$ cat structure27.pdb   # PDB, C-alpha atoms, pLDDT in the B column
ATOM      1  CA  MET A   1      26.799 131.615-237.238  1.00 39.00           C
ATOM      2  CA  THR A   2      24.219 134.154-238.112  1.00 38.00           C
ATOM      3  CA  ASP A   3      24.897 137.492-239.729  1.00 40.00           C
ATOM      4  CA  THR A   4      23.700 139.135-236.535  1.00 39.00           C
ATOM      5  CA  VAL A   5      26.517 137.521-234.538  1.00 46.00           C
ATOM      6  CA  LEU A   6      29.058 138.488-237.171  1.00 49.00           C
ATOM      7  CA  GLU A   7      27.856 142.090-237.159  1.00 50.00           C
ATOM      8  CA  LYS A   8      28.378 142.331-233.386  1.00 63.00           C
ATOM      9  CA  ARG A   9      32.053 141.359-233.580  1.00 65.00           C
ATOM     10  CA  ARG A  10      34.529 144.128-232.964  1.00 77.00           C
ATOM     11  CA  PHE A  11      37.563 142.130-234.111  1.00 83.00           C
ATOM     12  CA  PRO A  12      38.025 139.676-237.014  1.00 87.00           C
ATOM     13  CA  ARG A  13      38.504 136.011-236.095  1.00 85.00           C
ATOM     14  CA  LYS A  14      41.472 133.928-237.255  1.00 89.00           C
ATOM     15  CA  LEU A  15      41.267 130.175-237.853  1.00 88.00           C
ATOM     16  CA  LEU A  16      44.039 128.168-236.237  1.00 86.00           C
ATOM     17  CA  GLU A  17      46.451 126.160-238.362  1.00 85.00           C
ATOM     18  CA  GLU A  18      46.919 123.630-235.542  1.00 87.00           C
ATOM     19  CA  PRO A  19      44.281 122.497-233.038  1.00 89.00           C
ATOM     20  CA  ALA A  20      44.613 123.675-229.444  1.00 95.00           C
ATOM     21  CA  GLU A  21      43.052 122.335-226.270  1.00 96.00           C
ATOM     22  CA  VAL A  22      40.988 124.460-223.895  1.00 97.00           C
ATOM     23  CA  LEU A  23      41.194 123.232-220.305  1.00 97.00           C
ATOM     24  CA  ASP A  24      38.838 124.109-217.454  1.00 97.00           C
ATOM     25  CA  ASN A  25      41.131 125.195-214.595  1.00 97.00           C
ATOM     26  CA  ASP A  26      38.469 124.581-211.942  1.00 96.00           C
ATOM     27  CA  THR A  27      37.903 120.918-212.886  1.00 95.00           C
ATOM     28  CA  GLY A  28      41.195 120.089-214.628  1.00 95.00           C
ATOM     29  CA  GLN A  29      39.166 118.589-217.497  1.00 96.00           C
ATOM     30  CA  LEU A  30      39.262 119.218-221.237  1.00 96.00           C
ATOM     31  CA  LEU A  31      36.576 121.839-221.983  1.00 96.00           C
ATOM     32  CA  GLY A  32      36.978 121.765-225.757  1.00 96.00           C
ATOM     33  CA  ILE A  33      39.119 122.324-228.822  1.00 96.00           C
ATOM     34  CA  LEU A  34      39.828 125.894-229.894  1.00 95.00           C
ATOM     35  CA  GLU A  35      38.331 126.771-233.285  1.00 91.00           C
ATOM     36  CA  ASP A  36      39.274 130.369-233.887  1.00 92.00           C
ATOM     37  CA  VAL A  37      40.534 133.407-231.998  1.00 92.00           C
ATOM     38  CA  SER A  38      40.345 137.184-232.118  1.00 92.00           C
ATOM     39  CA  LYS A  39      41.677 140.046-230.059  1.00 90.00           C
ATOM     40  CA  GLY A  40      38.556 139.929-227.896  1.00 89.00           C
ATOM     41  CA  GLY A  41      37.581 136.259-227.763  1.00 94.00           C
ATOM     42  CA  PHE A  42      37.484 132.792-229.257  1.00 95.00           C
ATOM     43  CA  SER A  43      35.200 129.919-230.183  1.00 94.00           C
ATOM     44  CA  LEU A  44      35.571 126.246-229.381  1.00 95.00           C
ATOM     45  CA  VAL A  45      33.966 122.875-230.046  1.00 95.00           C
ATOM     46  CA  THR A  46      32.838 121.101-226.879  1.00 95.00           C
ATOM     47  CA  ASN A  47      30.809 118.094-225.773  1.00 94.00           C
ATOM     48  CA  GLN A  48      28.851 120.109-223.199  1.00 93.00           C
ATOM     49  CA  MET A  49      26.247 122.831-223.346  1.00 95.00           C
ATOM     50  CA  ILE A  50      27.653 126.012-221.801  1.00 96.00           C
ATOM     51  CA  ARG A  51      25.212 128.576-220.472  1.00 96.00           C
ATOM     52  CA  GLN A  52      25.335 132.066-221.940  1.00 96.00           C
ATOM     53  CA  GLU A  53      27.000 134.502-219.487  1.00 96.00           C
ATOM     54  CA  GLU A  54      28.766 131.609-217.699  1.00 96.00           C
ATOM     55  CA  VAL A  55      32.277 132.693-216.709  1.00 96.00           C
ATOM     56  CA  ARG A  56      35.075 130.126-216.947  1.00 96.00           C
ATOM     57  CA  ASN A  57      38.649 130.042-215.640  1.00 97.00           C
ATOM     58  CA  ILE A  58      40.496 128.332-218.500  1.00 97.00           C
ATOM     59  CA  THR A  59      43.888 127.548-219.976  1.00 97.00           C
ATOM     60  CA  LEU A  60      44.561 127.594-223.713  1.00 95.00           C
ATOM     61  CA  VAL A  61      47.214 125.046-224.709  1.00 95.00           C
ATOM     62  CA  LEU A  62      48.614 126.642-227.861  1.00 91.00           C
ATOM     63  CA  PRO A  63      50.992 124.852-230.231  1.00 89.00           C
ATOM     64  CA  GLY A  64      54.434 126.389-230.592  1.00 88.00           C
ATOM     65  CA  PRO A  65      57.491 125.700-232.707  1.00 89.00           C
ATOM     66  CA  GLN A  66      59.077 122.245-232.761  1.00 87.00           C
ATOM     67  CA  LYS A  67      56.120 120.485-231.093  1.00 86.00           C
ATOM     68  CA  SER A  68      56.270 122.715-228.012  1.00 92.00           C
ATOM     69  CA  TYR A  69      53.201 124.181-226.305  1.00 92.00           C
ATOM     70  CA  HIS A  70      52.423 127.518-224.663  1.00 93.00           C
ATOM     71  CA  ARG A  71      49.858 127.693-221.865  1.00 95.00           C
ATOM     72  CA  VAL A  72      47.845 130.849-221.355  1.00 93.00           C
ATOM     73  CA  SER A  73      45.368 131.056-218.471  1.00 95.00           C
ATOM     74  CA  LEU A  74      42.526 133.527-218.623  1.00 94.00           C
ATOM     75  CA  ILE A  75      38.969 134.283-217.629  1.00 96.00           C
ATOM     76  CA  ALA A  76      36.323 134.184-220.371  1.00 97.00           C
ATOM     77  CA  GLU A  77      32.545 134.574-220.537  1.00 97.00           C
ATOM     78  CA  CYS A  78      30.359 132.464-222.817  1.00 97.00           C
ATOM     79  CA  VAL A  79      28.409 134.747-225.167  1.00 96.00           C
ATOM     80  CA  TRP A  80      26.749 131.998-227.251  1.00 95.00           C
ATOM     81  CA  CYS A  81      26.494 128.220-227.432  1.00 96.00           C
ATOM     82  CA  GLN A  82      24.687 126.156-230.070  1.00 95.00           C
ATOM     83  CA  SER A  83      24.553 122.668-231.518  1.00 89.00           C
ATOM     84  CA  SER A  84      27.658 122.038-233.619  1.00 75.00           C
ATOM     85  CA  ASN A  85      25.433 120.697-236.416  1.00 70.00           C
ATOM     86  CA  LYS A  86      24.921 124.364-237.273  1.00 55.00           C
ATOM     87  CA  GLN A  87      28.716 124.720-237.458  1.00 47.00           C
ATOM     88  CA  ARG A  88      29.437 121.453-239.348  1.00 46.00           C
ATOM     89  CA  SER A  89      29.926 122.949-242.827  1.00 41.00           C
ATOM     90  CA  ARG A  90      32.432 125.430-241.416  1.00 44.00           C
ATOM     91  CA  GLN A  91      34.388 122.672-239.686  1.00 44.00           C
ATOM     92  CA  ASP A  92      34.408 120.537-242.836  1.00 45.00           C
ATOM     93  CA  ASN A  93      36.099 123.396-244.705  1.00 43.00           C
ATOM     94  CA  ASN A  94      38.728 123.816-241.984  1.00 44.00           C
ATOM     95  CA  THR A  95      42.230 122.644-242.931  1.00 40.00           C
ATOM     96  CA  ARG A  96      43.242 121.346-239.514  1.00 41.00           C
ATOM     97  CA  LYS A  97      45.437 118.287-239.398  1.00 41.00           C
ATOM     98  CA  GLY A  98      43.703 116.633-236.425  1.00 41.00           C
ATOM     99  CA  PRO A  99      43.826 116.761-232.639  1.00 40.00           C
ATOM    100  CA  PRO A 100      46.930 117.868-230.716  1.00 44.00           C
ATOM    101  CA  ASP A 101      49.585 115.165-230.229  1.00 44.00           C
ATOM    102  CA  ASN A 102      48.480 114.649-226.628  1.00 46.00           C
ATOM    103  CA  ALA A 103      44.764 114.244-227.519  1.00 46.00           C
ATOM    104  CA  SER A 104      43.460 111.181-229.298  1.00 43.00           C
ATOM    105  CA  SER A 105      40.696 111.599-231.856  1.00 43.00           C
ATOM    106  CA  ASP A 106      38.141 110.153-229.407  1.00 47.00           C
ATOM    107  CA  GLN A 107      38.952 113.006-226.975  1.00 49.00           C
ATOM    108  CA  VAL A 108      38.041 115.687-229.506  1.00 48.00           C
ATOM    109  CA  PRO A 109      34.680 116.971-228.295  1.00 53.00           C
ATOM    110  CA  GLU A 110      31.679 117.269-230.549  1.00 65.00           C
ATOM    111  CA  GLY A 111      28.153 118.375-229.924  1.00 91.00           C
ATOM    112  CA  TYR A 112      28.319 122.129-229.336  1.00 96.00           C
ATOM    113  CA  ALA A 113      30.141 125.193-230.558  1.00 95.00           C
ATOM    114  CA  ALA A 114      30.556 128.050-228.080  1.00 96.00           C
ATOM    115  CA  GLY A 115      31.832 131.607-228.339  1.00 95.00           C
ATOM    116  CA  PHE A 116      33.672 133.303-225.489  1.00 96.00           C
ATOM    117  CA  GLN A 117      34.577 136.910-224.775  1.00 95.00           C
ATOM    118  CA  LEU A 118      37.740 137.625-222.804  1.00 93.00           C
ATOM    119  CA  ARG A 119      37.246 139.258-219.416  1.00 90.00           C
ATOM    120  CA  GLU A 120      39.421 142.107-218.185  1.00 77.00           C
ATOM    121  CA  ASP A 121      40.759 140.011-215.310  1.00 64.00           C
ATOM    122  CA  ARG A 122      42.681 137.679-217.660  1.00 44.00           C
ATOM    123  CA  ARG A 123      46.139 136.602-216.584  1.00 47.00           C
ATOM    124  CA  ALA A 124      49.108 134.610-217.851  1.00 44.00           C
ATOM    125  CA  GLY A 125      49.535 131.029-216.692  1.00 44.00           C
ATOM    126  CA  PRO A 126      52.515 129.483-214.923  1.00 44.00           C
ATOM    127  CA  GLY A 127      55.717 130.003-216.841  1.00 42.00           C
ATOM    128  CA  CYS A 128      54.203 132.713-219.044  1.00 43.00           C
ATOM    129  CA  PRO A 129      55.412 136.323-218.829  1.00 39.00           C
TER     130      PRO A 129
END

$ encode --input "structure27.pdb" --output "structure tokens"
Amino acid sequence: MTDTVLEKRRFPRKLLEEPAEVLDNDTGQLLGILEDVSKGGFSLVTNQMIRQEEVRNITLVLPGPQKSYHRVSLIAECVWCQSSNKQRSRQDNNTRKGPPDNASSDQVPEGYAAGFQLREDRRAGPGCP
């Protein structure tokens, strides 16, 4: 990412220790794999170009203790999307252990990295308080 993008961030981003899937609630398909998160947004790796300002209804499938998963549904707006070749060195330095147990390595999307900002109309998914 460029310094300009970093300067615009209001909240620091945290890399995930375990990979997490991002599902598109409107299609039921895997949108991407979560890369990092912050209080105001997240970035993911995906196999599709996502238009800037496109709003998505998504579910984050977050790893929990003892191989459990937590699902959080929310609304997010794409604020940037670029070829993941620009992100490759960052991914190579990441200490992730691989895809989630329910995603084979050929399901892990590659091609683009996209940043999303959370919308105010976010909500918890089924079974979440």

$ closest_residue --input "structure27.pdb" --among "A:Asn85, A:Leu62, A:Val79, A:Val22" --to "Leu44 in chain A" --atoms "all atoms listed in the file"
A:Val22

$ atom_distance --input "structure27.pdb" --atom1 "CA of Tyr69 in chain A" --atom2 "CA of Asp36 in chain A"
17.0 Å

$ closest_residue --input "structure27.pdb" --among "A:Cys81, A:Glu17, A:Phe116, A:Asn25" --to "Met49 in chain A" --atoms "all atoms listed in the file"
A:Cys81

$ residues_near_point --input "structure27.pdb" --point "(39.7, 135.8, -233.9)" --cutoff "10 Å" --atoms "all atoms listed in the file" --output "list of chain:residue names"
A:Arg9, A:Arg10, A:Phe11, A:Pro12, A:Arg13, A:Lys14, A:Leu15, A:Leu16, A:Glu35, A:Asp36, A:Val37, A:Ser38, A:Lys39, A:Gly40, A:Gly41, A:Phe42, A:Ser43

$ write_last_selection --input "structure27.pdb" --atoms "C-alpha atoms" --output "mmCIF file, in the frame of the given file"
data_model
loop_
_atom_site.group_PDB
_atom_site.id
_atom_site.type_symbol
_atom_site.label_atom_id
_atom_site.label_comp_id
_atom_site.auth_asym_id
_atom_site.auth_seq_id
_atom_site.Cartn_x
_atom_site.Cartn_y
_atom_site.Cartn_z
ATOM 1 C CA ARG A 9 32.053 141.359 -233.580
ATOM 2 C CA ARG A 10 34.529 144.128 -232.964
ATOM 3 C CA PHE A 11 37.563 142.130 -234.111
ATOM 4 C CA PRO A 12 38.025 139.676 -237.014
ATOM 5 C CA ARG A 13 38.504 136.011 -236.095
ATOM 6 C CA LYS A 14 41.472 133.928 -237.255
ATOM 7 C CA LEU A 15 41.267 130.175 -237.853
ATOM 8 C CA LEU A 16 44.039 128.168 -236.237
ATOM 9 C CA GLU A 35 38.331 126.771 -233.285
ATOM 10 C CA ASP A 36 39.274 130.369 -233.887
ATOM 11 C CA VAL A 37 40.534 133.407 -231.998
ATOM 12 C CA SER A 38 40.345 137.184 -232.118
ATOM 13 C CA LYS A 39 41.677 140.046 -230.059
ATOM 14 C CA GLY A 40 38.556 139.929 -227.896
ATOM 15 C CA GLY A 41 37.581 136.259 -227.763
ATOM 16 C CA PHE A 42 37.484 132.792 -229.257
ATOM 17 C CA SER A 43 35.200 129.919 -230.183
#

$ atom_distance --input "structure27.pdb" --atom1 "CA of Leu60 in chain A" --atom2 "CA of Trp80 in chain A"
18.7 Å

$ closest_residue --input "structure27.pdb" --among "A:Ala20, A:Ile33, A:Gly111, A:Gln52" --to "Val72 in chain A" --atoms "all atoms listed in the file"
A:Ala20

$ residues_around --input "structure27.pdb" --residues "Ile50 in chain A" --least-positions-apart "5" --cutoff "10 Å" --atoms "all atoms listed in the file" --output "PDB file with C-alpha atoms, in the coordinates of the input"
ATOM      1  CA  LEU A  31      36.576 121.839-221.983  1.00 96.00           C
ATOM      2  CA  VAL A  55      32.277 132.693-216.709  1.00 96.00           C
ATOM      3  CA  ARG A  56      35.075 130.126-216.947  1.00 96.00           C
ATOM      4  CA  GLU A  77      32.545 134.574-220.537  1.00 97.00           C
ATOM      5  CA  CYS A  78      30.359 132.464-222.817  1.00 97.00           C
ATOM      6  CA  VAL A  79      28.409 134.747-225.167  1.00 96.00           C
ATOM      7  CA  TRP A  80      26.749 131.998-227.251  1.00 95.00           C
ATOM      8  CA  CYS A  81      26.494 128.220-227.432  1.00 96.00           C
ATOM      9  CA  GLN A  82      24.687 126.156-230.070  1.00 95.00           C
ATOM     10  CA  TYR A 112      28.319 122.129-229.336  1.00 96.00           C
ATOM     11  CA  ALA A 113      30.141 125.193-230.558  1.00 95.00           C
ATOM     12  CA  ALA A 114      30.556 128.050-228.080  1.00 96.00           C
ATOM     13  CA  GLY A 115      31.832 131.607-228.339  1.00 95.00           C
TER      14      GLY A 115
END

$ atom_distance --input "structure27.pdb" --atom1 "CA of Ile58 in chain A" --atom2 "CA of Leu118 in chain A"
10.6 Å
